[in-house]
Each structure stands twice: as structure tokens, then as C-alpha cells.
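Following: one structure in C-alpha cells, then a few remarks.
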Amino acid sequence: MTKPTVQQHIQEVLHVLPRIDADQEIRRRVDFLKSYLLSTKAEGYVLGISGGQDSTLTGKLAQIAVDELNQEITDPTGIAGEGYRFITVRLPYGVQQDEADAQMALSFIQPSKNITVNIQPAVDASAAQFEQATGEKLSDFLKGNIKARERMKVQYDLAAHYRMLVLGTDHAAEAVSGFFTKHGDGACDAAPIFGLNKRQGKELLKHLGCPELLYLKKPTADLEDLKPGLPDEVALGVTYEEIDTYLEGGVLSDAAKDIIERRYQRTEHKRNAAVTVYDEWWKERL
Ligand SMILES: Nc1ncnc2c1ncn2[C@@H]1O[C@H](COP(=O)(O)OP(=O)(O)OC[C@H]2O[C@@H]([n+]3cccc(C(=O)O)c3)[C@H](O)[C@@H]2O)[C@@H](O)[C@H]1O
Ligand SMILES: Nc1ncnc2c1ncn2[C@@H]1O[C@H](COP(=O)(O)OP(=O)(O)OP(=O)(O)O)[C@@H](O)[C@H]1O
Ligand SMILES: [Mg+2]
């Protein structure tokens, strides 16, 4: 048997299908959220809503899941008095430039409850303490990762307080490039859109009746003070169209392929649990 190419290997590991049936994908991901929740003692899900594509999709699927559970279970008060809930959380760093988009996402999702926590005081305090302790300036880039980890922390605080689970928005186009903060937005209890690429995520949102603006806007991590709204594609040096084509097994330029595969190799540690003496993955070269 011939050895699979790196592209085929990645496609398989990340579970990407070259073609999807949007209704079927919505159904299986909502069902997954419902059955996983039922298999735990948790009373719902928590997720940060940014106004971007991934949290809009993940949030909508979560709300459908809890709504269906509450309809199907004859005594929804059986667990907590209010049935299952989905709590969204707005986590701006001060004032968010695309706050209107985040509000549009919330109107589309119609969460059971929304909470807003301004992460700026906590992030600024962390950065200031770091600088005082080391006597060195923290880069704007690394401060961006503090923002992502602060958002993770708030979501876990809420989940623990309300006896819920934290959702993540990791998907194939993000996983392949390792474009997330380790133990920041990369940390979660369940990742319902895993395996989809960016294009497929758009397709699901379209089927769900999402306002176009929320899936046609340029994806951004929006973490750097000095580069507000920096498009992911600029930071990555490759477009999502190219990443999606790669993940679907399509043909793209050698230059784009090379960027994707180098990123994949470099970020292997992010797609694994902390390395131990029993692991071998770090010795393997694709
Ligand atoms: N080989 C290795 N084995 C095990 N661990 C390794 C390692 N190399 C680095 N590490 C660890 O990983 C750390 C670096 O990883 P990390 O802290 O994630 O930092 P890093 O990958 O440098 O930065 C995160 C990237 O993700 C982007 N991001 C973040 C959040 C959201 C989004 C978005 O799309 O919304 C994008 C962000 O713009 C930035 O480009 C190192 O400080 C080290 O602790
Ligand atoms: N300002 C914010 N408020 C609440 N949650 C946020 C915020 N910024 C980021 N997040 C959380 O971090 C996740 C990762 O951000 P990411 O930019 O990858 O996704 P997105 O904004 O939903 O979609 P897109 O990639 O299209 O911008 C988000 O899905 C969301 O859960
Ligand atoms: Mg974003």
C-alpha cells in the first residue's frame, strides 16, 4: 500500500469531508451536543460570542440543542428548575469595534441568557504584574494571548458556577494551522464544529438562516491592540479559500501548500495533550 500524502493524512486526522450535506451536519452536531450533555450531570453549555463566524455557528447549534432537550424532556425542571440552558458571554476588551456584529449574532442565536464581562481590567493587571516582576515589556502579540486565556478563564468560571460545560469553536481550518491560543480559545470541554472547514461552516450558517454579514465578514482573532481587526488571512499568509481547498483534497499552489504544511508540523503540540514519556508523536516527521 502506498503511503498517504501529507495532505491525505491531515484530511483524515482532521475528519474533513470533501462534500457535506448541510442539514445532515447540523443534525449530527446538534444530536452530539444533546447526547453528550445528557451523558454528564451538566445543565447546559457556555460559549463566548465574538461577532465572528465560528462562535455564531457553534452558539446557534448549542441553542438548538438545549431548546430541543427542553421540549423532549417531559419534566425539564428535573435538573435545575429551569431546564437546560445555553449561556453566551460577551468578552470585550474595553469597547469592541464590531460590537454591533456581536449583538447581531446574539439576536440570531437567542441564547437562554447572555452575560457580559469586560476582560480589560484583568488583562491589563496581568500584563502590568508581568512587567513589574520581570522588568521587561510584554509584546503586544503576547498580550493578545493573555486576552484569549482570560476569555477561557471567564468561560470556565461561568461553567463551574452554573454547572455547565464550556464549548469551543475549533474547526479544521483552525486546527490545521494551529491558529489558536494554547489553553486560550483552544481550551474547551466540547468542540461541536470540529471537522468542518471555514467554507462548510458558512454553508451551515446559511442553512440556519443566519444574517449574511456574520459569515461573509473577514475572520479575525482581533487580539492585538496595535493591529485592531487584523484579518486572520494576513496573519496566516494564506487564504481560507486555500486552506479549505487543501483540506478538501483539492489542488493549490506549492507556495500555499508549503505554508499550510509547515504550520501544521510546527503546531503539532497544540493538537495533542501535554507530551509525556509515553508519547512518540513528537519524533515523527510527516
Ligand atoms: N514544540 C512544542 N512542544 C510543546 N509546547 C510548545 C512547543 N512549542 C511551543 N510550545 C508552547 O506553546 C506556546 C505557544 O503557543 P501559544 O501560546 O498558543 O502562542 P502562539 O501560537 O505563538 O500564538 C497564538 C496564535 O494564535 C492566533 N490566535 C489566537 C487566538 C485566537 C485566534 C483566532 O483565530 O481567533 C488566533 C494568534 O493570533 C497567534 O498567531 C509556547 O509559549 C510554549 O509554551
Ligand atoms: N470579544 C469576544 N467576546 C466573546 N468571545 C470571544 C471574543 N473574541 C473571541 N472570543 C471567543 O474565542 C473564539 C475564537 O475566536 P475566533 O476569532 O477564532 O472565532 P470567531 O470570532 O467566532 O470567528 P472568526 O474566525 O470568523 O473571526 C470565538 O469563537 C469566541 O468563542
Ligand atoms: Mg474572530
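A note on labels: chains of the C-alpha cells are A, B, ... as shown, every chain counts residues from 1, and ligands are counted from 1 in their shown order.
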Inset, instruction - Name the residues, by chain letter and number, that sit within 6 Å of ligand 1 using only C-alpha atoms and all ligand atoms, and give them as a ChimeraX atom specification. - result: /A:148,179-182,185,220-221,269
Give me a file of those residues, with N, CA and C atoms, as a PDB file, in the first residue's frame.
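So out_36.pdb came out as:
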```pdb
ATOM      1  N   ALA A 148      -6.895  35.976  25.067  1.00  0.00           N
ATOM      2  CA  ALA A 148      -7.546  34.695  24.740  1.00  0.00           C
ATOM      3  C   ALA A 148      -7.641  33.803  25.989  1.00  0.00           C
ATOM      4  N   PHE A 179      -3.907  27.850  14.512  1.00  0.00           N
ATOM      5  CA  PHE A 179      -4.167  29.278  14.704  1.00  0.00           C
ATOM      6  C   PHE A 179      -5.147  29.498  15.855  1.00  0.00           C
ATOM      7  N   PHE A 180      -4.675  29.223  17.037  1.00  0.00           N
ATOM      8  CA  PHE A 180      -5.459  29.456  18.257  1.00  0.00           C
ATOM      9  C   PHE A 180      -4.468  29.532  19.405  1.00  0.00           C
ATOM     10  N   THR A 181      -4.900  30.104  20.513  1.00  0.00           N
ATOM     11  CA  THR A 181      -4.016  30.204  21.670  1.00  0.00           C
ATOM     12  C   THR A 181      -4.152  28.950  22.518  1.00  0.00           C
ATOM     13  N   LYS A 182      -3.005  28.315  22.730  1.00  0.00           N
ATOM     14  CA  LYS A 182      -2.981  27.089  23.533  1.00  0.00           C
ATOM     15  C   LYS A 182      -3.527  27.417  24.931  1.00  0.00           C
ATOM     16  N   ASP A 185      -8.406  30.100  23.556  1.00  0.00           N
ATOM     17  CA  ASP A 185      -9.596  29.661  22.814  1.00  0.00           C
ATOM     18  C   ASP A 185      -9.470  28.202  22.394  1.00  0.00           C
ATOM     19  N   THR A 220     -11.313  37.333  11.995  1.00  0.00           N
ATOM     20  CA  THR A 220     -10.212  37.967  12.730  1.00  0.00           C
ATOM     21  C   THR A 220     -10.148  37.464  14.170  1.00  0.00           C
ATOM     22  N   ALA A 221      -8.919  37.261  14.632  1.00  0.00           N
ATOM     23  CA  ALA A 221      -8.727  36.904  16.040  1.00  0.00           C
ATOM     24  C   ALA A 221      -8.869  38.172  16.879  1.00  0.00           C
ATOM     25  N   HIS A 269       2.140  20.141  18.624  1.00  0.00           N
ATOM     26  CA  HIS A 269       1.994  20.104  20.090  1.00  0.00           C
ATOM     27  C   HIS A 269       0.652  20.670  20.561  1.00  0.00           C
TER      28      HIS A 269
END
```
Inset, instruction - May I have the residues within 8 Å of range 124-141 of chain A as a ChimeraX atom specification, using only C-alpha atoms and disregarding those fewer than 3 positions away in the same chain? - result: /A:120-121,144-146,223-226
N, CA and C atoms of the current selection, written as a PDB file, in the first residue's frame:
```
ATOM      1  N   GLN A 120     -10.825  43.678  30.057  1.00  0.00           N
ATOM      2  CA  GLN A 120      -9.703  44.634  30.068  1.00  0.00           C
ATOM      3  C   GLN A 120      -9.017  44.787  31.429  1.00  0.00           C
ATOM      4  N   PRO A 121      -9.766  44.997  32.522  1.00  0.00           N
ATOM      5  CA  PRO A 121      -9.061  45.186  33.803  1.00  0.00           C
ATOM      6  C   PRO A 121      -8.182  43.985  34.169  1.00  0.00           C
ATOM      7  N   GLY A 144      -1.954  39.680  23.465  1.00  0.00           N
ATOM      8  CA  GLY A 144      -3.109  39.115  22.756  1.00  0.00           C
ATOM      9  C   GLY A 144      -3.438  37.720  23.286  1.00  0.00           C
ATOM     10  N   ASN A 145      -2.404  36.943  23.553  1.00  0.00           N
ATOM     11  CA  ASN A 145      -2.651  35.600  24.092  1.00  0.00           C
ATOM     12  C   ASN A 145      -3.212  35.665  25.518  1.00  0.00           C
ATOM     13  N   ILE A 146      -2.833  36.695  26.279  1.00  0.00           N
ATOM     14  CA  ILE A 146      -3.442  36.863  27.618  1.00  0.00           C
ATOM     15  C   ILE A 146      -4.944  37.074  27.451  1.00  0.00           C
ATOM     16  N   LEU A 223      -6.831  40.256  18.403  1.00  0.00           N
ATOM     17  CA  LEU A 223      -6.191  40.170  19.724  1.00  0.00           C
ATOM     18  C   LEU A 223      -5.167  41.272  19.976  1.00  0.00           C
ATOM     19  N   GLU A 224      -4.682  41.888  18.900  1.00  0.00           N
ATOM     20  CA  GLU A 224      -3.577  42.835  19.083  1.00  0.00           C
ATOM     21  C   GLU A 224      -4.070  44.283  19.138  1.00  0.00           C
ATOM     22  N   ASP A 225      -3.658  45.004  20.189  1.00  0.00           N
ATOM     23  CA  ASP A 225      -4.051  46.414  20.322  1.00  0.00           C
ATOM     24  C   ASP A 225      -3.550  47.227  19.131  1.00  0.00           C
ATOM     25  N   LEU A 226      -2.338  46.905  18.671  1.00  0.00           N
ATOM     26  CA  LEU A 226      -1.713  47.712  17.620  1.00  0.00           C
ATOM     27  C   LEU A 226      -2.178  47.344  16.211  1.00  0.00           C
TER      28      LEU A 226
END
```
Inset, instruction - Could you give me the residues within range 11-43 of chain A that DSSP places in helix (DSSP H, G or I), as number ranges by chain? - result: A: 11-13, 22-38
What residues in range 29-150 of chain A get the DSSP label strand (DSSP E)? Please answer as a PDB file with N, CA and C atoms, in the first residue's frame.
```pdb
ATOM      1  N   GLY A  44     -26.039  22.576  31.008  1.00  0.00           N
ATOM      2  CA  GLY A  44     -26.046  23.377  29.797  1.00  0.00           C
ATOM      3  C   GLY A  44     -24.640  23.683  29.325  1.00  0.00           C
ATOM      4  N   TYR A  45     -24.573  24.613  28.388  1.00  0.00           N
ATOM      5  CA  TYR A  45     -23.285  24.988  27.791  1.00  0.00           C
ATOM      6  C   TYR A  45     -23.048  26.489  27.924  1.00  0.00           C
ATOM      7  N   VAL A  46     -21.749  26.838  27.910  1.00  0.00           N
ATOM      8  CA  VAL A  46     -21.315  28.246  27.951  1.00  0.00           C
ATOM      9  C   VAL A  46     -20.424  28.493  26.734  1.00  0.00           C
ATOM     10  N   LEU A  47     -20.574  29.656  26.106  1.00  0.00           N
ATOM     11  CA  LEU A  47     -19.683  30.000  24.986  1.00  0.00           C
ATOM     12  C   LEU A  47     -19.541  31.509  24.822  1.00  0.00           C
ATOM     13  N   GLY A  48     -18.325  31.944  24.556  1.00  0.00           N
ATOM     14  CA  GLY A  48     -18.062  33.347  24.239  1.00  0.00           C
ATOM     15  C   GLY A  48     -18.523  33.647  22.824  1.00  0.00           C
ATOM     16  N   ARG A  85     -29.880  24.992  29.752  1.00  0.00           N
ATOM     17  CA  ARG A  85     -29.692  26.369  29.265  1.00  0.00           C
ATOM     18  C   ARG A  85     -28.380  26.509  28.498  1.00  0.00           C
ATOM     19  N   PHE A  86     -28.377  27.501  27.642  1.00  0.00           N
ATOM     20  CA  PHE A  86     -27.154  27.863  26.932  1.00  0.00           C
ATOM     21  C   PHE A  86     -26.837  29.309  27.319  1.00  0.00           C
ATOM     22  N   ILE A  87     -25.701  29.502  27.951  1.00  0.00           N
ATOM     23  CA  ILE A  87     -25.305  30.853  28.369  1.00  0.00           C
ATOM     24  C   ILE A  87     -24.209  31.373  27.453  1.00  0.00           C
ATOM     25  N   THR A  88     -24.503  32.490  26.801  1.00  0.00           N
ATOM     26  CA  THR A  88     -23.476  33.135  25.972  1.00  0.00           C
ATOM     27  C   THR A  88     -22.788  34.196  26.815  1.00  0.00           C
ATOM     28  N   VAL A  89     -21.548  34.486  26.439  1.00  0.00           N
ATOM     29  CA  VAL A  89     -20.845  35.531  27.166  1.00  0.00           C
ATOM     30  C   VAL A  89     -20.112  36.441  26.195  1.00  0.00           C
ATOM     31  N   ARG A  90     -20.386  37.721  26.356  1.00  0.00           N
ATOM     32  CA  ARG A  90     -19.654  38.723  25.580  1.00  0.00           C
ATOM     33  C   ARG A  90     -18.413  39.062  26.388  1.00  0.00           C
ATOM     34  N   LYS A 113     -29.548  32.895  28.040  1.00  0.00           N
ATOM     35  CA  LYS A 113     -29.096  34.020  28.870  1.00  0.00           C
ATOM     36  C   LYS A 113     -27.778  34.532  28.307  1.00  0.00           C
ATOM     37  N   ASN A 114     -27.576  35.848  28.381  1.00  0.00           N
ATOM     38  CA  ASN A 114     -26.283  36.412  27.980  1.00  0.00           C
ATOM     39  C   ASN A 114     -25.704  37.221  29.125  1.00  0.00           C
ATOM     40  N   ILE A 115     -24.391  37.090  29.272  1.00  0.00           N
ATOM     41  CA  ILE A 115     -23.669  37.813  30.321  1.00  0.00           C
ATOM     42  C   ILE A 115     -22.530  38.555  29.630  1.00  0.00           C
ATOM     43  N   THR A 116     -22.198  39.744  30.124  1.00  0.00           N
ATOM     44  CA  THR A 116     -21.052  40.469  29.548  1.00  0.00           C
ATOM     45  C   THR A 116     -19.992  40.681  30.624  1.00  0.00           C
TER      46      THR A 116
END
```
Inset, instruction - Show me which residues sit within 9 Å of ligand 3 when counting only C-alpha atoms and all ligand atoms, and put them as a PyMOL selection string. - result: chain A and resi 50-55+218-223+229+231-232
Atoms to include: C-alpha atoms. Write the selected residues as a CSV table (one decimal), in the first residue's frame.
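The resulting file, selection_11.csv, is shown below:
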```
chain,number,residue,atom,x,y,z
A,50,SER,CA,-17.4,37.5,19.4
A,51,GLY,CA,-19.5,38.5,16.4
A,52,GLY,CA,-17.4,36.2,14.2
A,53,GLN,CA,-18.5,33.2,12.1
A,54,ASP,CA,-17.3,30.3,14.4
A,55,SER,CA,-19.0,31.4,17.6
A,218,LYS,CA,-13.3,38.7,7.3
A,219,PRO,CA,-12.4,36.3,10.1
A,220,THR,CA,-10.2,38.0,12.7
A,221,ALA,CA,-8.7,36.9,16.0
A,222,ASP,CA,-8.7,40.6,16.9
A,223,LEU,CA,-6.2,40.2,19.7
A,229,GLY,CA,-9.2,43.6,13.4
A,231,PRO,CA,-7.6,39.6,9.2
A,232,ASP,CA,-6.5,36.0,10.0
```
Legend entry - Exercise: Tyr84 in chain A partners within 7 Å, only C-alpha atoms, chain neighbours under 2 positions left out, as number ranges by chain: A: 43-44, 66, 70, 82
What would the file look like if the residues just selected were written as a JSON list (two decimals), in the first residue's frame with N, CA and C atoms?
```json
[["chain", "number", "residue", "atom", "x", "y", "z"],
["A", 43, "GLU", "N", -25.75, 21.09, 33.25],
["A", 43, "GLU", "CA", -27.08, 21.66, 32.99],
["A", 43, "GLU", "C", -27.13, 22.55, 31.75],
["A", 44, "GLY", "N", -26.04, 22.58, 31.01],
["A", 44, "GLY", "CA", -26.05, 23.38, 29.80],
["A", 44, "GLY", "C", -24.64, 23.68, 29.32],
["A", 66, "VAL", "N", -30.19, 22.77, 23.30],
["A", 66, "VAL", "CA", -30.87, 22.89, 24.60],
["A", 66, "VAL", "C", -32.38, 23.10, 24.42],
["A", 70, "ASN", "N", -35.15, 20.61, 26.06],
["A", 70, "ASN", "CA", -36.21, 21.09, 26.95],
["A", 70, "ASN", "C", -37.59, 20.71, 26.44],
["A", 82, "GLU", "N", -35.03, 25.11, 35.85],
["A", 82, "GLU", "CA", -35.25, 25.91, 34.64],
["A", 82, "GLU", "C", -34.96, 25.13, 33.38]]
```
Legend entry - Among listed residues A:Thr56, A:Gln97, A:Ser177, A:Gln8, nearest Ala235 in chain A (using only C-alpha atoms): A:Ser177
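Between atom 17 (O, counted along the ligand's line) of ligand 2 and CA of Glu150 in chain A the interatomic distance comes to 14.5 Å.
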Legend entry - Who sits within 10 Å of range 246-248 of chain A, only C-alpha atoms, same chain under 4 positions skipped, as a list in words: Gln7, Gln8, Ile10, Gln11, Glu12, Leu14, His15, Val16, Leu17, Pro18, Arg19, Ala172, Ala173, Val176, Gly195, Leu196, Asn197, Tyr240, Glu241, Glu242, Leu252, Ser253, Ala256, Lys257, Ile260 and Glu261 of chain A
The selected residues should be written to file as a PDB file, in the first residue's frame (atoms: N, CA and C atoms).
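File again-v1.pdb, as written:
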```pdb
ATOM      1  N   GLN A   7      -1.101  15.722   2.738  1.00  0.00           N
ATOM      2  CA  GLN A   7      -2.445  16.291   2.584  1.00  0.00           C
ATOM      3  C   GLN A   7      -3.523  15.249   2.943  1.00  0.00           C
ATOM      4  N   GLN A   8      -3.358  14.033   2.445  1.00  0.00           N
ATOM      5  CA  GLN A   8      -4.342  12.988   2.752  1.00  0.00           C
ATOM      6  C   GLN A   8      -4.332  12.643   4.242  1.00  0.00           C
ATOM      7  N   ILE A  10      -3.536  14.640   6.748  1.00  0.00           N
ATOM      8  CA  ILE A  10      -4.171  15.734   7.502  1.00  0.00           C
ATOM      9  C   ILE A  10      -5.693  15.682   7.341  1.00  0.00           C
ATOM     10  N   GLN A  11      -6.120  15.443   6.115  1.00  0.00           N
ATOM     11  CA  GLN A  11      -7.559  15.350   5.824  1.00  0.00           C
ATOM     12  C   GLN A  11      -8.217  14.284   6.710  1.00  0.00           C
ATOM     13  N   GLU A  12      -7.513  13.170   6.857  1.00  0.00           N
ATOM     14  CA  GLU A  12      -8.071  12.069   7.634  1.00  0.00           C
ATOM     15  C   GLU A  12      -8.050  12.381   9.136  1.00  0.00           C
ATOM     16  N   LEU A  14      -8.053  15.190  10.592  1.00  0.00           N
ATOM     17  CA  LEU A  14      -8.970  16.281  10.961  1.00  0.00           C
ATOM     18  C   LEU A  14     -10.416  16.005  10.525  1.00  0.00           C
ATOM     19  N   HIS A  15     -10.647  14.825   9.962  1.00  0.00           N
ATOM     20  CA  HIS A  15     -12.007  14.356   9.616  1.00  0.00           C
ATOM     21  C   HIS A  15     -12.728  15.209   8.578  1.00  0.00           C
ATOM     22  N   VAL A  16     -11.974  15.809   7.655  1.00  0.00           N
ATOM     23  CA  VAL A  16     -12.648  16.691   6.685  1.00  0.00           C
ATOM     24  C   VAL A  16     -13.216  15.893   5.516  1.00  0.00           C
ATOM     25  N   LEU A  17     -14.476  16.183   5.201  1.00  0.00           N
ATOM     26  CA  LEU A  17     -15.110  15.560   4.037  1.00  0.00           C
ATOM     27  C   LEU A  17     -15.051  16.551   2.879  1.00  0.00           C
ATOM     28  N   PRO A  18     -14.780  16.065   1.668  1.00  0.00           N
ATOM     29  CA  PRO A  18     -14.723  16.996   0.533  1.00  0.00           C
ATOM     30  C   PRO A  18     -16.079  17.623   0.232  1.00  0.00           C
ATOM     31  N   ARG A  19     -17.148  16.908   0.555  1.00  0.00           N
ATOM     32  CA  ARG A  19     -18.501  17.441   0.364  1.00  0.00           C
ATOM     33  C   ARG A  19     -19.338  17.108   1.581  1.00  0.00           C
ATOM     34  N   ALA A 172     -11.588  22.540  11.387  1.00  0.00           N
ATOM     35  CA  ALA A 172     -10.436  22.018  10.655  1.00  0.00           C
ATOM     36  C   ALA A 172      -9.493  23.095  10.132  1.00  0.00           C
ATOM     37  N   ALA A 173     -10.058  24.235   9.680  1.00  0.00           N
ATOM     38  CA  ALA A 173      -9.191  25.270   9.097  1.00  0.00           C
ATOM     39  C   ALA A 173      -8.334  25.939  10.167  1.00  0.00           C
ATOM     40  N   VAL A 176      -5.696  22.904  11.466  1.00  0.00           N
ATOM     41  CA  VAL A 176      -4.582  22.584  10.567  1.00  0.00           C
ATOM     42  C   VAL A 176      -3.463  23.621  10.681  1.00  0.00           C
ATOM     43  N   GLY A 195     -13.878  19.414  12.541  1.00  0.00           N
ATOM     44  CA  GLY A 195     -14.002  18.595  11.317  1.00  0.00           C
ATOM     45  C   GLY A 195     -14.519  19.385  10.131  1.00  0.00           C
ATOM     46  N   LEU A 196     -15.140  20.534  10.384  1.00  0.00           N
ATOM     47  CA  LEU A 196     -15.631  21.364   9.273  1.00  0.00           C
ATOM     48  C   LEU A 196     -14.545  22.354   8.892  1.00  0.00           C
ATOM     49  N   ASN A 197     -14.512  22.755   7.627  1.00  0.00           N
ATOM     50  CA  ASN A 197     -13.614  23.860   7.272  1.00  0.00           C
ATOM     51  C   ASN A 197     -14.441  25.151   7.271  1.00  0.00           C
ATOM     52  N   TYR A 240      -8.286  31.518   3.554  1.00  0.00           N
ATOM     53  CA  TYR A 240      -9.131  30.395   3.981  1.00  0.00           C
ATOM     54  C   TYR A 240      -9.590  29.585   2.776  1.00  0.00           C
ATOM     55  N   GLU A 241      -9.764  30.254   1.615  1.00  0.00           N
ATOM     56  CA  GLU A 241     -10.120  29.517   0.392  1.00  0.00           C
ATOM     57  C   GLU A 241      -9.047  28.454   0.127  1.00  0.00           C
ATOM     58  N   GLU A 242      -7.777  28.876   0.278  1.00  0.00           N
ATOM     59  CA  GLU A 242      -6.678  27.930   0.032  1.00  0.00           C
ATOM     60  C   GLU A 242      -6.653  26.826   1.093  1.00  0.00           C
ATOM     61  N   LEU A 252      -3.772  23.223  -5.020  1.00  0.00           N
ATOM     62  CA  LEU A 252      -3.450  24.636  -4.802  1.00  0.00           C
ATOM     63  C   LEU A 252      -1.975  24.865  -5.066  1.00  0.00           C
ATOM     64  N   SER A 253      -1.554  26.127  -5.007  1.00  0.00           N
ATOM     65  CA  SER A 253      -0.161  26.435  -5.368  1.00  0.00           C
ATOM     66  C   SER A 253       0.796  25.778  -4.372  1.00  0.00           C
ATOM     67  N   ALA A 256       1.328  27.971  -1.240  1.00  0.00           N
ATOM     68  CA  ALA A 256       0.273  27.912  -0.217  1.00  0.00           C
ATOM     69  C   ALA A 256       0.324  26.578   0.522  1.00  0.00           C
ATOM     70  N   LYS A 257       0.541  25.509  -0.215  1.00  0.00           N
ATOM     71  CA  LYS A 257       0.616  24.171   0.365  1.00  0.00           C
ATOM     72  C   LYS A 257       1.760  24.098   1.383  1.00  0.00           C
ATOM     73  N   ILE A 260       0.897  25.918   4.650  1.00  0.00           N
ATOM     74  CA  ILE A 260      -0.040  25.126   5.461  1.00  0.00           C
ATOM     75  C   ILE A 260       0.683  23.949   6.118  1.00  0.00           C
ATOM     76  N   GLU A 261       1.482  23.237   5.354  1.00  0.00           N
ATOM     77  CA  GLU A 261       2.134  22.042   5.908  1.00  0.00           C
ATOM     78  C   GLU A 261       3.197  22.404   6.941  1.00  0.00           C
TER      79      GLU A 261
END
```
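Of the listed residues A:Val234, A:Leu38, A:Ala274, A:Ala191, the one whose atoms come nearest to Leu57 in chain A is A:Ala191, with distances taken using only C-alpha atoms.
Separating CA of Leu61 in chain A from CA of Arg28 in chain A is a distance of 10.2 Å.
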